[in-house]
Structure formats: C-alpha cells, structure tokens
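Have a look at model_30.cif; it's mmCIF, C-alpha atoms and all ligand atoms:
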```cif
data_target
loop_
_atom_site.label_atom_id
_atom_site.label_comp_id
_atom_site.auth_asym_id
_atom_site.auth_seq_id
_atom_site.Cartn_x
_atom_site.Cartn_y
_atom_site.Cartn_z
CA MET A 1 69.41 -86.52 -83.47
CA ASN A 2 68.54 -83.61 -85.29
CA ASN A 3 66.47 -80.71 -86.42
CA ARG A 4 63.25 -82.69 -86.64
CA ALA A 5 60.18 -81.78 -84.62
CA LEU A 6 56.80 -83.09 -83.54
CA VAL A 7 54.06 -80.52 -82.86
CA LEU A 8 51.11 -81.25 -80.57
CA PHE A 9 48.50 -79.98 -82.97
CA SER A 10 44.85 -79.81 -81.91
CA GLY A 11 43.58 -77.56 -84.67
CA GLY A 12 43.20 -74.54 -82.40
CA GLN A 13 44.70 -71.07 -82.60
CA ASP A 14 47.57 -71.78 -80.20
CA SER A 15 48.75 -75.05 -81.68
CA THR A 16 48.42 -73.66 -85.22
CA THR A 17 50.69 -70.77 -84.25
CA CYS A 18 53.09 -73.31 -82.72
CA LEU A 19 53.03 -75.33 -85.93
CA ALA A 20 53.88 -72.24 -87.98
CA TRP A 21 56.66 -71.45 -85.51
CA ALA A 22 58.04 -74.98 -85.82
CA LEU A 23 57.91 -74.85 -89.63
CA GLU A 24 60.00 -71.69 -89.47
CA ASN A 25 62.52 -73.22 -87.05
CA PHE A 26 62.95 -76.90 -87.97
CA ASP A 27 63.80 -78.79 -91.16
CA HIS A 28 61.18 -81.49 -90.77
CA VAL A 29 57.94 -81.17 -88.84
CA GLU A 30 55.36 -83.85 -88.04
CA THR A 31 52.08 -83.30 -86.21
CA VAL A 32 50.07 -85.28 -83.68
CA GLY A 33 46.48 -84.87 -82.53
CA PHE A 34 44.60 -86.65 -79.74
CA ASP A 35 41.06 -87.94 -79.74
CA TYR A 36 40.02 -88.29 -76.09
CA GLY A 37 36.29 -87.94 -76.54
CA GLN A 38 36.40 -84.16 -76.20
CA ARG A 39 33.09 -82.33 -76.71
CA HIS A 40 34.83 -80.13 -79.26
CA ARG A 41 35.98 -83.08 -81.41
CA ILE A 42 35.19 -80.85 -84.36
CA GLU A 43 38.68 -79.44 -83.78
CA LEU A 44 40.08 -82.70 -85.18
CA ASP A 45 38.31 -82.03 -88.50
CA CYS A 46 39.73 -78.50 -88.58
CA ARG A 47 43.27 -79.86 -88.47
CA LYS A 48 43.19 -81.05 -92.08
CA HIS A 49 42.04 -77.67 -93.37
CA VAL A 50 44.66 -75.83 -91.34
CA VAL A 51 47.48 -78.04 -92.65
CA GLU A 52 46.26 -77.66 -96.24
CA GLY A 53 46.13 -73.91 -95.73
CA LEU A 54 49.69 -73.82 -94.37
CA ARG A 55 50.92 -75.81 -97.36
CA ARG A 56 49.31 -73.33 -99.76
CA LEU A 57 50.59 -70.35 -97.81
CA ARG A 58 54.27 -71.23 -97.89
CA PRO A 59 55.82 -73.71 -100.34
CA ASP A 60 58.94 -73.96 -98.14
CA TRP A 61 56.73 -75.00 -95.23
CA ALA A 62 54.95 -77.53 -97.46
CA ARG A 63 58.30 -79.21 -98.10
CA ARG A 64 59.03 -79.43 -94.37
CA LEU A 65 55.64 -80.81 -93.35
CA GLY A 66 55.79 -84.52 -92.69
CA ASP A 67 53.29 -87.09 -91.49
CA ASP A 68 50.24 -86.23 -89.41
CA HIS A 69 49.38 -88.68 -86.63
CA THR A 70 46.17 -89.12 -84.65
CA ILE A 71 46.21 -91.04 -81.39
CA GLY A 72 43.03 -92.36 -79.80
CA LEU A 73 42.98 -91.75 -76.04
CA GLU A 74 39.37 -92.68 -75.32
CA ALA A 75 40.43 -93.96 -71.90
CA LEU A 76 41.27 -90.40 -70.84
CA GLY A 77 37.73 -89.25 -71.63
CA ALA A 78 36.29 -92.31 -69.92
CA ILE A 79 38.06 -91.70 -66.62
CA SER A 80 37.69 -87.89 -66.63
CA ASP A 81 34.58 -86.27 -65.17
CA THR A 82 35.04 -82.83 -66.69
CA ALA A 83 33.12 -80.29 -68.75
CA LEU A 84 35.35 -81.01 -71.74
CA THR A 85 34.37 -84.66 -71.78
CA ARG A 86 30.81 -84.56 -70.36
CA ASP A 87 27.73 -82.60 -71.29
CA VAL A 88 27.69 -80.38 -68.18
CA GLU A 89 27.82 -76.63 -67.67
CA LEU A 90 31.23 -74.94 -67.64
CA GLN A 91 31.92 -73.56 -64.18
CA MET A 92 34.55 -72.97 -61.53
CA GLU A 93 35.13 -75.72 -58.99
CA THR A 94 35.64 -75.14 -55.28
CA ASN A 95 39.36 -75.90 -55.72
CA GLY A 96 39.68 -72.78 -57.88
CA LEU A 97 40.09 -74.70 -61.13
CA PRO A 98 37.55 -74.57 -63.95
CA ASN A 99 35.74 -77.88 -64.56
CA THR A 100 37.24 -77.86 -68.06
CA PHE A 101 40.49 -79.02 -66.47
CA VAL A 102 41.18 -82.61 -67.57
CA PRO A 103 43.60 -83.96 -64.95
CA GLY A 104 46.84 -85.19 -66.45
CA ARG A 105 45.88 -84.27 -70.00
CA ASN A 106 49.04 -82.47 -71.07
CA ILE A 107 51.24 -84.91 -69.17
CA ILE A 108 49.62 -87.80 -71.02
CA PHE A 109 49.71 -85.97 -74.36
CA LEU A 110 53.41 -85.16 -74.04
CA THR A 111 54.25 -88.69 -72.90
CA PHE A 112 52.48 -90.23 -75.90
CA ALA A 113 54.05 -87.59 -78.16
CA ALA A 114 57.49 -88.52 -76.83
CA ALA A 115 56.84 -92.22 -77.42
CA LEU A 116 55.84 -91.39 -81.00
CA ALA A 117 58.83 -89.06 -81.44
CA TYR A 118 61.08 -91.86 -80.18
CA ARG A 119 59.88 -94.13 -82.97
CA ARG A 120 59.93 -91.41 -85.62
CA GLY A 121 63.38 -90.06 -84.74
CA LEU A 122 62.15 -86.58 -83.83
CA ARG A 123 64.08 -84.68 -81.20
CA HIS A 124 61.99 -81.58 -80.61
CA LEU A 125 58.50 -81.60 -79.10
CA VAL A 126 56.47 -78.42 -79.51
CA GLY A 127 53.32 -77.57 -77.53
CA GLY A 128 51.10 -74.52 -77.05
CA MET A 129 51.06 -74.56 -73.25
CA CYS A 130 50.94 -71.08 -71.80
CA GLU A 131 51.23 -69.68 -68.31
CA THR A 132 50.32 -66.11 -69.12
CA ASP A 133 46.58 -65.96 -69.61
CA TYR A 134 45.74 -69.61 -69.24
CA SER A 135 42.71 -70.95 -67.40
CA GLY A 136 44.68 -71.99 -64.34
CA TYR A 137 45.56 -75.44 -65.64
CA PRO A 138 48.52 -76.64 -63.58
CA ASP A 139 49.74 -78.88 -66.42
CA CYS A 140 50.31 -75.78 -68.58
CA ARG A 141 52.88 -74.43 -66.15
CA ASP A 142 56.49 -74.05 -67.20
CA ASP A 143 57.65 -76.06 -64.18
CA THR A 144 55.40 -78.98 -65.17
CA ILE A 145 56.83 -78.98 -68.70
CA LYS A 146 60.43 -78.72 -67.49
CA ALA A 147 59.92 -81.55 -64.98
CA LEU A 148 58.34 -83.65 -67.70
CA GLN A 149 61.27 -83.03 -70.04
CA VAL A 150 63.59 -84.42 -67.36
CA ALA A 151 61.31 -87.40 -66.68
CA LEU A 152 60.89 -88.27 -70.36
CA ASN A 153 64.62 -88.05 -71.05
CA LEU A 154 65.45 -90.20 -68.05
CA GLY A 155 62.72 -92.71 -68.78
CA MET A 156 63.39 -93.02 -72.52
CA GLU A 157 67.15 -92.43 -72.55
CA ARG A 158 66.85 -89.64 -75.10
CA ARG A 159 67.59 -85.91 -75.31
CA PHE A 160 64.18 -84.59 -76.20
CA VAL A 161 63.78 -80.82 -76.07
CA LEU A 162 60.32 -79.56 -75.13
CA HIS A 163 59.47 -76.18 -76.67
CA THR A 164 56.58 -73.97 -75.58
CA PRO A 165 56.83 -70.82 -77.69
CA LEU A 166 53.64 -69.35 -76.17
CA MET A 167 54.56 -69.93 -72.51
CA TRP A 168 55.20 -66.29 -71.60
CA ILE A 169 53.03 -64.41 -74.05
CA ASP A 170 49.33 -63.55 -73.93
CA LYS A 171 46.69 -64.19 -76.61
CA ALA A 172 47.22 -60.80 -78.22
CA ALA A 173 50.93 -61.56 -78.56
CA THR A 174 50.04 -64.98 -80.00
CA TRP A 175 48.20 -63.21 -82.84
CA GLU A 176 51.23 -60.96 -83.27
CA LEU A 177 53.58 -63.96 -83.35
CA ALA A 178 51.49 -65.51 -86.13
CA ARG A 179 51.58 -62.25 -88.08
CA SER A 180 55.36 -62.01 -87.71
CA LEU A 181 55.73 -65.58 -89.04
CA ALA A 182 53.62 -65.36 -92.19
CA GLY A 183 51.68 -62.08 -92.25
CA GLY A 184 48.00 -61.40 -92.63
CA ASP A 185 47.39 -64.52 -94.71
CA LEU A 186 48.25 -66.70 -91.72
CA LEU A 187 45.95 -64.59 -89.51
CA ASP A 188 43.14 -65.11 -92.01
CA LEU A 189 43.80 -68.85 -92.02
CA ILE A 190 43.71 -68.93 -88.21
CA ARG A 191 40.48 -66.93 -88.07
CA GLU A 192 38.80 -69.05 -90.71
CA GLU A 193 39.98 -72.61 -90.08
CA THR A 194 41.15 -73.05 -86.48
CA HIS A 195 38.83 -74.11 -83.70
CA THR A 196 38.90 -72.89 -80.10
CA CYS A 197 35.33 -73.11 -78.72
CA TYR A 198 34.96 -75.64 -75.90
CA LEU A 199 31.39 -76.38 -76.96
CA GLY A 200 32.43 -77.28 -80.49
CA GLU A 201 30.18 -74.62 -82.07
CA ARG A 202 31.08 -73.26 -85.48
CA GLY A 203 27.77 -71.67 -86.49
CA VAL A 204 28.58 -67.98 -86.08
CA ARG A 205 31.58 -66.22 -87.62
CA HIS A 206 32.98 -63.47 -85.40
CA ALA A 207 35.86 -61.09 -86.21
CA TRP A 208 38.17 -63.59 -84.45
CA GLY A 209 36.73 -66.77 -85.97
CA TYR A 210 33.97 -69.29 -85.24
CA GLY A 211 32.55 -70.25 -81.84
CA CYS A 212 29.71 -69.86 -79.36
CA GLY A 213 31.20 -66.56 -78.19
CA HIS A 214 30.37 -67.24 -74.53
CA CYS A 215 32.52 -70.09 -73.26
CA PRO A 216 35.86 -69.25 -71.56
CA ALA A 217 37.86 -70.36 -74.63
CA CYS A 218 35.83 -68.10 -76.96
CA GLN A 219 36.03 -65.18 -74.54
CA LEU A 220 39.79 -65.51 -74.18
CA ARG A 221 40.22 -65.69 -77.95
CA GLU A 222 37.94 -62.69 -78.50
CA ALA A 223 39.66 -60.54 -75.86
CA GLY A 224 43.11 -61.42 -77.25
CA HIS A 225 42.02 -60.59 -80.78
CA GLU A 226 40.59 -57.23 -79.72
CA LYS A 227 43.72 -56.32 -77.79
CA TYR A 228 45.89 -57.40 -80.73
CA GLN A 229 43.92 -55.27 -83.18
CA SER A 230 43.95 -52.16 -81.01
CA THR A 231 47.71 -52.53 -80.35
CA ARG A 232 48.25 -53.00 -84.07
CA GLN A 233 46.24 -49.89 -84.95
CA THR A 234 48.19 -47.86 -82.40
CA SER A 235 51.57 -48.99 -83.73
CA GLU A 236 50.49 -48.38 -87.34
CA ALA A 237 49.33 -44.87 -86.38
CA GLU A 238 52.69 -44.24 -84.70
CA GLN A 239 54.58 -45.41 -87.79
CA GLU A 240 52.43 -43.15 -89.93
CA HIS A 241 53.23 -40.26 -87.63
CA GLU A 242 56.97 -40.94 -87.90
CA HIS A 243 56.78 -40.85 -91.68
CA VAL A 244 55.06 -37.44 -91.72
ZN ZN A 301 32.73 -71.20 -77.23
#
```

Take the structure from the file and write it as structure tokens.
Amino acid sequence: MNNRALVLFSGGQDSTTCLAWALENFDHVETVGFDYGQRHRIELDCRKHVVEGLRRLRPDWARRLGDDHTIGLEALGAISDTALTRDVELQMETNGLPNTFVPGRNIIFLTFAAALAYRRGLRHLVGGMCETDYSGYPDCRDDTIKALQVALNLGMERRFVLHTPLMWIDKAATWELARSLAGGDLLDLIREETHTCYLGERGVRHAWGYGCGHCPACQLREAGHEKYQSTRQTSEAEQEHEHV
C-alpha cells in the first residue's frame, strides 16, 4: 500500500482544511461523509460545493481527488440521546461534557472509514479531531485515535495510518494552516461554503461564514477567526516595519 488517502469529510471548516492538507500530501484522495441524522444535516449539502471549489482552486488537487462516499449511519442517531441528534437545548451535562457529545461517534466513523479504505485500497485515514480547543469530546483525544489505529490494524490485518493534522493546533492556527496550503482563495472558500453551526443555520453571513452565531460551534469558529485575523495583522505590520 501506498500514498492513497481517505479523508473524513463532513463539510465543516476542520475537515475541509484536512482535505486540503491531504490533497497537498497524498497522490490520491477520496472522501467519506456520514449521515447519522444530525440536526445540521445541511453540512452534507455543503460538501459538494466545497469539493467543487477545491477542484477550481487547484487543478493539481482536482487530479488527485477521487470518489466521494456517503455512509448512512441512522442507527447512531437512533440510539443517541444528544443535542446533535434531538431537538433539545445545547447545554453542559453534570458529567462535564456538553450534550452535543455523541458517544462513540468518532470511533464508529473511523471504523467505518477503515472498512471502506480496506475495500478501496487506501492506506491513510485523515480526520479533523483536535485536542487543543475542542469541546471536551473524549473521542477527539490523541490517545483515543492512537488506540484505535492499533485496534483497526490488528482487527483488519492492515497498516493503516491515522492522521490528525489539527490535533495540536487551535482554531486560529487552523485558519493559518488553510492559508499556508492555498492562500486567501481557500480561506474565502471555507468562509463561504463550509458549515460549522450545530443548529444547521445558514441564514446570516458573518465575517467567518454562516451560522446562528450563538451555539458553541459558531462561537469557537468566530473566536478562532478573530484571533487569526488579529495575529495576521500583527505579523503583516511587523513585516512592513522590517521593510522600512
Ligand atoms: Zn451555530
């Protein structure tokens, strides 16, 4: 096996940045999305526009982009009593986790992704899990991903490599990573076409993209975007100063 990758691609900011990262690093890249009855299913519609945008942005990436897969995991939504799969208010639970936590979600996603990658002959699995400014989801932790890599390789007799390029960076650095991969055009594509809002709202366009502006996902995206822009302005001002 090979330099072929499968990206867990939801249509959000993080997985879009991961997809761009994979297109820069692998010869052939396929994508997979999961429909588990999430309230923000609108993200699945955004995926098409994001992929089309990436193709237009970089012809070399267009050549590397392979099939897009969608897997129905309605059973996950049916057994999960969470704010991502039920029409209830987003809040913190007494166990310290937000009620947007869908137990087992990333473990299930990665297991299905590995089964698909097995069939498609793809060695590298890429996901946007992040420990840095995540919502406290234990299945986003580096140890969970590393343990899963071992389990999948033992259980499927393969040498899959699980990549999480965002694991140790915050949202501001995620914007910066996207800029470093394909410049301002990719940032514009992410702002315009990706979906982050947990409530699935796309009515209002903010500086950082569409969303309700209030849910934890929107707030995290907004704060990261603001921090990115102020860091960017500072470094541009410093460069200007050096040139004088
Ligand atoms: Zn929102």

Stretch 17-74 of chain A near stretch 159-176 of chain A within 12 Å: what's each residue's closest atom pair and its distance in Å to one decimal, counting all atoms listed in the file, ordered by chain then ascending residue number, as a tab-separated table?
```
residue	atom	partner	partner_atom	distance
A:Thr17	CA	A:Thr174	CA	7.2
A:Cys18	CA	A:Pro165	CA	6.7
A:Leu19	CA	A:Pro165	CA	10.1
A:Ala20	CA	A:Pro165	CA	10.8
A:Trp21	CA	A:Pro165	CA	7.8
A:Ala22	CA	A:Pro165	CA	9.2
A:Asn25	CA	A:Pro165	CA	11.2
A:Phe26	CA	A:His163	CA	11.8
```

Pull the neighbourhood of (70.0, -84.1, -84.4) for me: all residues within 9 Å in file coordinates, counting all atoms listed in the file, as a PyMOL selection string. chain A and resi 1-4+121-123

Residues of the last selection are to be written out with C-alpha atoms, as a PDB file, in the frame of the given file.
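Listed below is the output, selection.pdb:
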```pdb
ATOM      1  CA  MET A   1      69.410 -86.520 -83.470  1.00  0.00           C
ATOM      2  CA  ASN A   2      68.540 -83.610 -85.290  1.00  0.00           C
ATOM      3  CA  ASN A   3      66.470 -80.710 -86.420  1.00  0.00           C
ATOM      4  CA  ARG A   4      63.250 -82.690 -86.640  1.00  0.00           C
ATOM      5  CA  GLY A 121      63.380 -90.060 -84.740  1.00  0.00           C
ATOM      6  CA  LEU A 122      62.150 -86.580 -83.830  1.00  0.00           C
ATOM      7  CA  ARG A 123      64.080 -84.680 -81.200  1.00  0.00           C
TER       8      ARG A 123
END
```

Which residues of stretch 15-122 of chain A come within 8 Å of stretch 147-153 of chain A, and what is each one's closest atom pair and distance in Å (one decimal), counting all atoms listed in the file, sorted by chain and residue number, as a Markdown table?
```
| residue | atom | partner | partner_atom | distance |
| --- | --- | --- | --- | --- |
| A:Ile107 | CA | A:Leu148 | CA | 7.4 |
| A:Thr111 | CA | A:Leu152 | CA | 7.1 |
| A:Ala114 | CA | A:Leu152 | CA | 7.3 |
```

Counting only C-alpha atoms and all ligand atoms, name the residues that have an atom within 12 Å of an atom of ligand ZN 301 (chain A); the answer should be given as a PyMOL selection string. chain A and resi 39-40+84+90+195-206+208-222

Mind listing as a PyMOL selection string all residues within 6 Å of (45.4, -80.8, -64.6), counting only C-alpha atoms? chain A and resi 101-104+137-139

Those residues you just picked out, can you put them in a file as a PDB file, in the frame of the given file with C-alpha atoms?
```
ATOM      1  CA  PHE A 101      40.490 -79.020 -66.470  1.00  0.00           C
ATOM      2  CA  VAL A 102      41.180 -82.610 -67.570  1.00  0.00           C
ATOM      3  CA  PRO A 103      43.600 -83.960 -64.950  1.00  0.00           C
ATOM      4  CA  GLY A 104      46.840 -85.190 -66.450  1.00  0.00           C
ATOM      5  CA  TYR A 137      45.560 -75.440 -65.640  1.00  0.00           C
ATOM      6  CA  PRO A 138      48.520 -76.640 -63.580  1.00  0.00           C
ATOM      7  CA  ASP A 139      49.740 -78.880 -66.420  1.00  0.00           C
TER       8      ASP A 139
END
```

From the set A:Ala78, A:Cys130, A:Leu6, A:Ala207, which residue has the shortest atom-to-atom contact distance to A:Glu192, counting all atoms listed in the file? A:Ala207

Separation of atom CA of A:Tyr36 from atom CA of A:Leu23, in Å and rounded to one decimal: 26.2 Å

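Comparing A:Asp143, A:Asp68, A:Glu242, A:Asp27 by their smallest distance to A:Phe9, the closest is A:Asp68 (using all atoms listed in the file).
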
Quick one: pull the distance between atom CA of A:Glu236 and atom CA of A:Asp60, Å, one decimal.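 Pair atom CA of A:Glu236 / atom CA of A:Asp60 returns 29.0 Å.
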